[in-house]
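*Asks:* Following this message is one structure expressed as structure tokens.
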Amino acid sequence: MRSPLAEFLRARRQVVSPEEVGLPSGHDRRRTPGLRRDEVALLAGVSVDYYMRLEQGRERRPSDQVIDALARVFHLDAEAAEYLHQLARTRSRRCGGDGEDEQVKPHVLLLLDSWNHGPAAVLNRRTDVLAKNALAVAFVEGFEHADNILRMLFLNPVAKGFFPDWEKEARHMVAHLRAVVGADHEDPCLLELVEELSEESEAFRQMWARHDVRSRRGDAVRYRHPLVGDLILWHESFSVDSAPGQRLFTTRADPGSPSEEALAKLRAMKRLCLH
């Protein structure tokens, strides 16, 4: 089986064009997209044989200098480059190890419940929803697979209607999963989720194969809610330092906007009270 490092190198090589790295595309018809192995080796300053061993999983401990060179060849940003370094130093562990906690602490629940500006939830690294505030419960009421964000995106038949920018959101969350899991590809809970999504969603399988890496950052997300219509909500997340692997995801609408009015309407419909 090809190692995670080898899979990442192969995937990134295939999405970088010769033009992006200053090589002439030539008139030859390439059998596969992206760069050839010999081109990557030349640009990284390593032998073709050594790079082939890396991509075939026969060389698993490249130096930091080699990893930095490959990161430059593939135009990786700082986060993706750090991910590549993690792959080169990978170690396995069991699900929930290293102190990772699936239980949300009482003080975090109080903080979650006090967020009145929009839906909010606590997620673990695999995007399982560990807890939600009342508005988040109302926001996804009746949705299939609402216990996991990736399952909701890829396995819920109404997800593409709920997220007008579905493909962008799906790509962001797949890249976020790789970023937060890091090099821990032997986590059995992660493997189970990836296997399930790969079997049931061709879209997920293709996005996962790209090996994009990017943590979810504060941004605006469009929704088309079946009860209150179109909304735009700003997202921001925070690490729960007392529970490794957990993140608090919050949303809010711009003050005085139609989206804020839509959330107020949803609260009234569900008879939710502000704290």
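By order of appearance in the structure tokens: chains A, B, ..., then residues from 1 within every chain, and ligands from 1 in the order shown.
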Any idea what's packed within 8 Å of A:Phe204, counting only C-alpha atoms, ignoring anything in its chain fewer than 4 positions away? Could you give it as a list in words?

*Replies:*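 Final neighbour list, sorted by chain and number: Phe154, Val174, Leu197, Ser198 and Trp208 of chain A.
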
*Asks:* Taking the chain letters and numbering used in this document, name the residues of stretch 27-159 of chain A that DSSP puts in helix (DSSP H, G or I), as a ChimeraX atom specification.

*Replies:* /A:37-44,48-55,64-73,78-88,106-113,134-139,149-155,159

*Asks:* Can you build me a table of stretch 41-127 of chain A residues sitting at most 12 Å from stretch 169-173 of chain A, with the closest atom pair per residue and its distance in Å to one decimal, using only C-alpha atoms, sorted by chain and residue number, as JSON lines?

*Replies:*
```
{"residue": "A:Arg125", "atom": "CA", "partner": "A:Met173", "partner_atom": "CA", "distance": 11.2}
{"residue": "A:Arg126", "atom": "CA", "partner": "A:Met173", "partner_atom": "CA", "distance": 10.2}
{"residue": "A:Thr127", "atom": "CA", "partner": "A:Met173", "partner_atom": "CA", "distance": 8.8}
```

*Asks:* Distance table requested - stretch 32-148 of chain A against stretch 159-163 of chain A, cut-off 10 Å, only C-alpha atoms: one row per qualifying residue with the closest atom pair and its distance in Å to one decimal, ordered by chain and rising residue number, as JSON lines.

*Replies:*
```
{"residue": "A:Val140", "atom": "CA", "partner": "A:Phe162", "partner_atom": "CA", "distance": 9.7}
{"residue": "A:Phe143", "atom": "CA", "partner": "A:Ala159", "partner_atom": "CA", "distance": 8.8}
{"residue": "A:Glu144", "atom": "CA", "partner": "A:Ala159", "partner_atom": "CA", "distance": 9.3}
```

*Asks:* Taking into account only C-alpha atoms, which residue in the set A:Asn133, A:Gln56, A:Gln206, A:Ser242 is nearest to A:Trp115?

*Replies:* A:Asn133

*Asks:* Measuring atom to atom with only C-alpha atoms, identify which of A:Leu43, A:Ser259, A:Asp241, A:Glu236 is nearest to A:Arg217.

*Replies:*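 Answer, going by the shortest atom-to-atom distance: A:Glu236.
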
*Asks:* Taking 4 positions as the minimum chain separation for residues in the same chain, which residues sit within 10 Å of stretch 18-20 of chain A when counting only C-alpha atoms? Answer as a VMD selection string.

*Replies:* chain A and resid 24 to 26 33 to 36 39 to 40 73 to 75

*Asks:* Restrict the selected residues to all heavy atoms and save them as an mmCIF file, in the first residue's frame.

*Replies:*
```cif
data_model
loop_
_atom_site.group_PDB
_atom_site.id
_atom_site.type_symbol
_atom_site.label_atom_id
_atom_site.label_comp_id
_atom_site.auth_asym_id
_atom_site.auth_seq_id
_atom_site.Cartn_x
_atom_site.Cartn_y
_atom_site.Cartn_z
ATOM 1 N N PRO A 24 8.418 24.743 -20.208
ATOM 2 C CA PRO A 24 7.601 24.772 -21.427
ATOM 3 C C PRO A 24 6.693 23.561 -21.475
ATOM 4 O O PRO A 24 7.094 22.450 -21.108
ATOM 5 C CB PRO A 24 8.640 24.740 -22.554
ATOM 6 C CG PRO A 24 9.838 24.089 -21.938
ATOM 7 C CD PRO A 24 9.845 24.512 -20.494
ATOM 8 N N SER A 25 5.456 23.789 -21.868
ATOM 9 C CA SER A 25 4.511 22.668 -21.932
ATOM 10 C C SER A 25 4.852 21.723 -23.065
ATOM 11 O O SER A 25 4.563 20.529 -23.004
ATOM 12 C CB SER A 25 3.082 23.196 -22.109
ATOM 13 O OG SER A 25 2.993 23.965 -23.300
ATOM 14 N N GLY A 26 5.514 22.246 -24.126
ATOM 15 C CA GLY A 26 5.892 21.391 -25.246
ATOM 16 C C GLY A 26 4.689 20.990 -26.071
ATOM 17 O O GLY A 26 3.545 21.340 -25.786
ATOM 18 N N PRO A 33 -2.070 14.186 -16.401
ATOM 19 C CA PRO A 33 -1.968 15.629 -16.162
ATOM 20 C C PRO A 33 -0.836 15.964 -15.212
ATOM 21 O O PRO A 33 -0.334 15.111 -14.475
ATOM 22 C CB PRO A 33 -3.330 15.971 -15.543
ATOM 23 C CG PRO A 33 -3.775 14.698 -14.892
ATOM 24 C CD PRO A 33 -3.269 13.600 -15.775
ATOM 25 N N GLY A 34 -0.433 17.226 -15.234
ATOM 26 C CA GLY A 34 0.549 17.696 -14.277
ATOM 27 C C GLY A 34 1.980 17.495 -14.718
ATOM 28 O O GLY A 34 2.294 17.372 -15.908
ATOM 29 N N LEU A 35 2.876 17.457 -13.727
ATOM 30 C CA LEU A 35 4.305 17.317 -13.974
ATOM 31 C C LEU A 35 4.704 15.850 -14.062
ATOM 32 O O LEU A 35 4.056 14.974 -13.483
ATOM 33 C CB LEU A 35 5.102 17.972 -12.840
ATOM 34 C CG LEU A 35 4.913 19.473 -12.627
ATOM 35 C CD1 LEU A 35 5.662 19.919 -11.370
ATOM 36 C CD2 LEU A 35 5.381 20.260 -13.838
ATOM 37 N N ARG A 36 5.801 15.597 -14.769
ATOM 38 C CA ARG A 36 6.386 14.254 -14.777
ATOM 39 C C ARG A 36 7.328 14.123 -13.580
ATOM 40 O O ARG A 36 7.803 15.113 -13.024
ATOM 41 C CB ARG A 36 7.137 14.009 -16.082
ATOM 42 C CG ARG A 36 6.243 13.948 -17.322
ATOM 43 C CD ARG A 36 7.020 13.430 -18.519
ATOM 44 N NE ARG A 36 8.044 14.382 -18.929
ATOM 45 C CZ ARG A 36 7.917 15.212 -19.952
ATOM 46 N NH1 ARG A 36 6.791 15.226 -20.668
ATOM 47 N NH2 ARG A 36 8.896 16.045 -20.270
ATOM 48 N N GLU A 39 10.632 15.831 -13.959
ATOM 49 C CA GLU A 39 10.560 17.283 -13.843
ATOM 50 C C GLU A 39 10.544 17.710 -12.376
ATOM 51 O O GLU A 39 11.208 18.691 -11.997
ATOM 52 C CB GLU A 39 9.318 17.802 -14.572
ATOM 53 C CG GLU A 39 9.400 17.626 -16.082
ATOM 54 C CD GLU A 39 8.081 17.910 -16.789
ATOM 55 O OE1 GLU A 39 7.017 17.769 -16.143
ATOM 56 O OE2 GLU A 39 8.123 18.263 -17.985
ATOM 57 N N VAL A 40 9.790 16.990 -11.553
ATOM 58 C CA VAL A 40 9.769 17.299 -10.118
ATOM 59 C C VAL A 40 11.162 17.106 -9.517
ATOM 60 O O VAL A 40 11.651 17.946 -8.752
ATOM 61 C CB VAL A 40 8.750 16.413 -9.384
ATOM 62 C CG1 VAL A 40 8.837 16.641 -7.874
ATOM 63 C CG2 VAL A 40 7.342 16.691 -9.872
ATOM 64 N N VAL A 73 8.297 23.368 -5.128
ATOM 65 C CA VAL A 73 7.923 22.876 -6.462
ATOM 66 C C VAL A 73 6.410 22.838 -6.620
ATOM 67 O O VAL A 73 5.867 23.248 -7.653
ATOM 68 C CB VAL A 73 8.514 21.475 -6.712
ATOM 69 C CG1 VAL A 73 7.962 20.884 -8.016
ATOM 70 C CG2 VAL A 73 10.033 21.529 -6.765
ATOM 71 N N PHE A 74 5.716 22.382 -5.587
ATOM 72 C CA PHE A 74 4.256 22.222 -5.671
ATOM 73 C C PHE A 74 3.492 23.475 -5.269
ATOM 74 O O PHE A 74 2.268 23.458 -5.172
ATOM 75 C CB PHE A 74 3.815 21.040 -4.793
ATOM 76 C CG PHE A 74 4.362 19.713 -5.249
ATOM 77 C CD1 PHE A 74 4.841 18.790 -4.323
ATOM 78 C CD2 PHE A 74 4.419 19.392 -6.586
ATOM 79 C CE1 PHE A 74 5.349 17.569 -4.734
ATOM 80 C CE2 PHE A 74 4.926 18.165 -7.012
ATOM 81 C CZ PHE A 74 5.400 17.253 -6.087
ATOM 82 N N HIS A 75 4.236 24.575 -5.007
ATOM 83 C CA HIS A 75 3.611 25.856 -4.658
ATOM 84 C C HIS A 75 2.695 25.727 -3.433
ATOM 85 O O HIS A 75 1.586 26.272 -3.406
ATOM 86 C CB HIS A 75 2.817 26.412 -5.848
ATOM 87 C CG HIS A 75 3.675 26.843 -6.986
ATOM 88 N ND1 HIS A 75 3.162 27.336 -8.169
ATOM 89 C CD2 HIS A 75 5.031 26.826 -7.157
ATOM 90 C CE1 HIS A 75 4.147 27.620 -9.000
ATOM 91 N NE2 HIS A 75 5.298 27.313 -8.410
#
```

*Asks:* Taking only stretch 96-248 of chain A into account, list the residues labelled strand (DSSP E) by DSSP (computed from the backbone), as a list in words.

*Replies:* Ala120, Ala121, Val122, Leu123, Val129, Leu130, Ala131, Lys132, Asp219, Ala220, Val221, Arg222, Tyr223, Arg224, His225, Gly229, Asp230, Leu231, Ile232, Leu233, Trp234, His235, Glu236, Ser237, Phe238, Ser239, Arg247 and Leu248 of chain A

*Asks:* Given the selection you just returned, output its residues as a file containing N, CA and C atoms, formatted as an mmCIF file, in the first residue's frame.

*Replies:*
```
data_model
loop_
_atom_site.group_PDB
_atom_site.id
_atom_site.type_symbol
_atom_site.label_atom_id
_atom_site.label_comp_id
_atom_site.auth_asym_id
_atom_site.auth_seq_id
_atom_site.Cartn_x
_atom_site.Cartn_y
_atom_site.Cartn_z
ATOM 1 N N ALA A 120 -24.308 27.671 16.293
ATOM 2 C CA ALA A 120 -22.951 27.385 16.750
ATOM 3 C C ALA A 120 -22.885 25.918 17.176
ATOM 4 N N ALA A 121 -21.698 25.332 17.052
ATOM 5 C CA ALA A 121 -21.548 23.915 17.379
ATOM 6 C C ALA A 121 -20.107 23.627 17.762
ATOM 7 N N VAL A 122 -19.915 22.536 18.494
ATOM 8 C CA VAL A 122 -18.594 22.022 18.798
ATOM 9 C C VAL A 122 -18.363 20.787 17.942
ATOM 10 N N LEU A 123 -17.273 20.792 17.190
ATOM 11 C CA LEU A 123 -16.934 19.686 16.298
ATOM 12 C C LEU A 123 -15.612 19.065 16.726
ATOM 13 N N VAL A 129 -20.448 16.367 14.966
ATOM 14 C CA VAL A 129 -21.047 17.435 15.761
ATOM 15 C C VAL A 129 -21.262 16.897 17.173
ATOM 16 N N LEU A 130 -20.482 17.395 18.118
ATOM 17 C CA LEU A 130 -20.549 16.914 19.499
ATOM 18 C C LEU A 130 -21.603 17.643 20.313
ATOM 19 N N ALA A 131 -21.894 18.890 19.939
ATOM 20 C CA ALA A 131 -22.912 19.676 20.651
ATOM 21 C C ALA A 131 -23.319 20.841 19.760
ATOM 22 N N LYS A 132 -24.572 21.301 19.929
ATOM 23 C CA LYS A 132 -25.094 22.434 19.160
ATOM 24 C C LYS A 132 -25.866 23.354 20.087
ATOM 25 N N ASP A 219 -15.034 33.068 7.075
ATOM 26 C CA ASP A 219 -15.535 33.453 5.766
ATOM 27 C C ASP A 219 -17.057 33.482 5.794
ATOM 28 N N ALA A 220 -17.637 34.002 4.737
ATOM 29 C CA ALA A 220 -19.093 34.092 4.625
ATOM 30 C C ALA A 220 -19.613 32.881 3.855
ATOM 31 N N VAL A 221 -20.700 32.319 4.348
ATOM 32 C CA VAL A 221 -21.317 31.153 3.706
ATOM 33 C C VAL A 221 -22.770 31.474 3.389
ATOM 34 N N ARG A 222 -23.163 31.136 2.175
ATOM 35 C CA ARG A 222 -24.555 31.349 1.766
ATOM 36 C C ARG A 222 -25.383 30.096 2.049
ATOM 37 N N TYR A 223 -26.599 30.313 2.520
ATOM 38 C CA TYR A 223 -27.553 29.230 2.780
ATOM 39 C C TYR A 223 -28.884 29.560 2.105
ATOM 40 N N ARG A 224 -29.611 28.521 1.780
ATOM 41 C CA ARG A 224 -30.985 28.680 1.317
ATOM 42 C C ARG A 224 -31.857 27.803 2.206
ATOM 43 N N HIS A 225 -32.377 28.418 3.282
ATOM 44 C CA HIS A 225 -33.084 27.658 4.307
ATOM 45 C C HIS A 225 -34.525 27.420 3.868
ATOM 46 N N GLY A 229 -35.624 31.203 3.968
ATOM 47 C CA GLY A 229 -35.038 31.702 2.727
ATOM 48 C C GLY A 229 -33.528 31.873 2.758
ATOM 49 N N ASP A 230 -33.028 32.793 1.944
ATOM 50 C CA ASP A 230 -31.594 32.970 1.759
ATOM 51 C C ASP A 230 -30.956 33.723 2.924
ATOM 52 N N LEU A 231 -29.780 33.250 3.341
ATOM 53 C CA LEU A 231 -29.010 33.901 4.397
ATOM 54 C C LEU A 231 -27.543 33.901 4.021
ATOM 55 N N ILE A 232 -26.821 34.870 4.550
ATOM 56 C CA ILE A 232 -25.359 34.884 4.490
ATOM 57 C C ILE A 232 -24.860 34.999 5.920
ATOM 58 N N LEU A 233 -24.094 34.002 6.361
ATOM 59 C CA LEU A 233 -23.598 33.973 7.730
ATOM 60 C C LEU A 233 -22.077 33.929 7.727
ATOM 61 N N TRP A 234 -21.485 34.746 8.588
ATOM 62 C CA TRP A 234 -20.039 34.722 8.759
ATOM 63 C C TRP A 234 -19.655 33.619 9.726
ATOM 64 N N HIS A 235 -18.635 32.851 9.369
ATOM 65 C CA HIS A 235 -18.167 31.733 10.176
ATOM 66 C C HIS A 235 -16.822 32.058 10.804
ATOM 67 N N GLU A 236 -16.640 31.624 12.043
ATOM 68 C CA GLU A 236 -15.338 31.690 12.701
ATOM 69 C C GLU A 236 -15.250 30.512 13.661
ATOM 70 N N SER A 237 -14.058 29.944 13.800
ATOM 71 C CA SER A 237 -13.890 28.805 14.702
ATOM 72 C C SER A 237 -12.750 29.052 15.666
ATOM 73 N N PHE A 238 -12.814 28.353 16.803
ATOM 74 C CA PHE A 238 -11.836 28.538 17.872
ATOM 75 C C PHE A 238 -11.457 27.170 18.438
ATOM 76 N N SER A 239 -10.176 26.979 18.679
ATOM 77 C CA SER A 239 -9.709 25.742 19.281
ATOM 78 C C SER A 239 -10.127 25.679 20.742
ATOM 79 N N ARG A 247 -13.190 21.907 18.275
ATOM 80 C CA ARG A 247 -13.245 23.304 17.848
ATOM 81 C C ARG A 247 -14.669 23.819 18.024
ATOM 82 N N LEU A 248 -14.757 25.074 18.439
ATOM 83 C CA LEU A 248 -16.052 25.741 18.564
ATOM 84 C C LEU A 248 -16.285 26.553 17.293
#
```

*Asks:* To one decimal place in Å, what is the distance between atom CA of A:Ala262 and atom CA of A:His117?

*Replies:*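 These atoms are spaced 11.8 Å apart.
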
*Asks:* From the options A:Arg271, A:His85, A:Arg216, A:Lys168, which residue's atoms come nearest to A:Ala69, counting only C-alpha atoms?

*Replies:* A:His85

*Asks:* State, in Å with one decimal place, the distance from atom CA of A:Glu200 to atom CA of A:Asp187.

*Replies:*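 Computing the Euclidean distance for atom CA of A:Glu200 and atom CA of A:Asp187 yields 20.3 Å.
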
*Asks:* Considering only C-alpha atoms, return as a list in words whatever protein or nucleic-acid residues lie within 6 Å of A:Gln246, sequence-local ones (same chain, fewer than 3 positions apart) excluded.

*Replies:*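 Residues near the query, excluding close chain neighbours: Leu123, Asn124, Val240 and Ala243 of chain A.
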
*Asks:* At a cut-off of 7 Å, can you tabulate as JSON lines every residue of stretch 177-269 of chain A near stretch 4-14 of chain A together with its closest atom pair and the distance in Å to one decimal, using only C-alpha atoms and ordering rows by chain then number?

*Replies:*
```
{"residue": "A:Ala209", "atom": "CA", "partner": "A:Ala11", "partner_atom": "CA", "distance": 6.7}
{"residue": "A:Arg210", "atom": "CA", "partner": "A:Ala11", "partner_atom": "CA", "distance": 5.5}
{"residue": "A:His211", "atom": "CA", "partner": "A:Phe8", "partner_atom": "CA", "distance": 6.0}
```

*Asks:* Do you know which residues are at most 9 Å from A:Val228 counting only C-alpha atoms, after dropping those on the same chain fewer than 5 positions away, and could you put them as a PyMOL selection string?

*Replies:* chain A and resi 262-263+265-266

*Asks:* Please compute the atom CA of A:Ala71-atom CA of A:Val15 distance, one decimal, in Å.

*Replies:*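 It comes out at 13.4 Å.
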
*Asks:* Which residue out of A:Val66, A:Thr32, A:Leu150, A:Ala80 has the minimum interatomic distance to A:Ser47 when only C-alpha atoms are used?

*Replies:*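 Of A:Val66, A:Thr32, A:Leu150, A:Ala80, the one nearest A:Ser47, counting only C-alpha atoms, is A:Val66.
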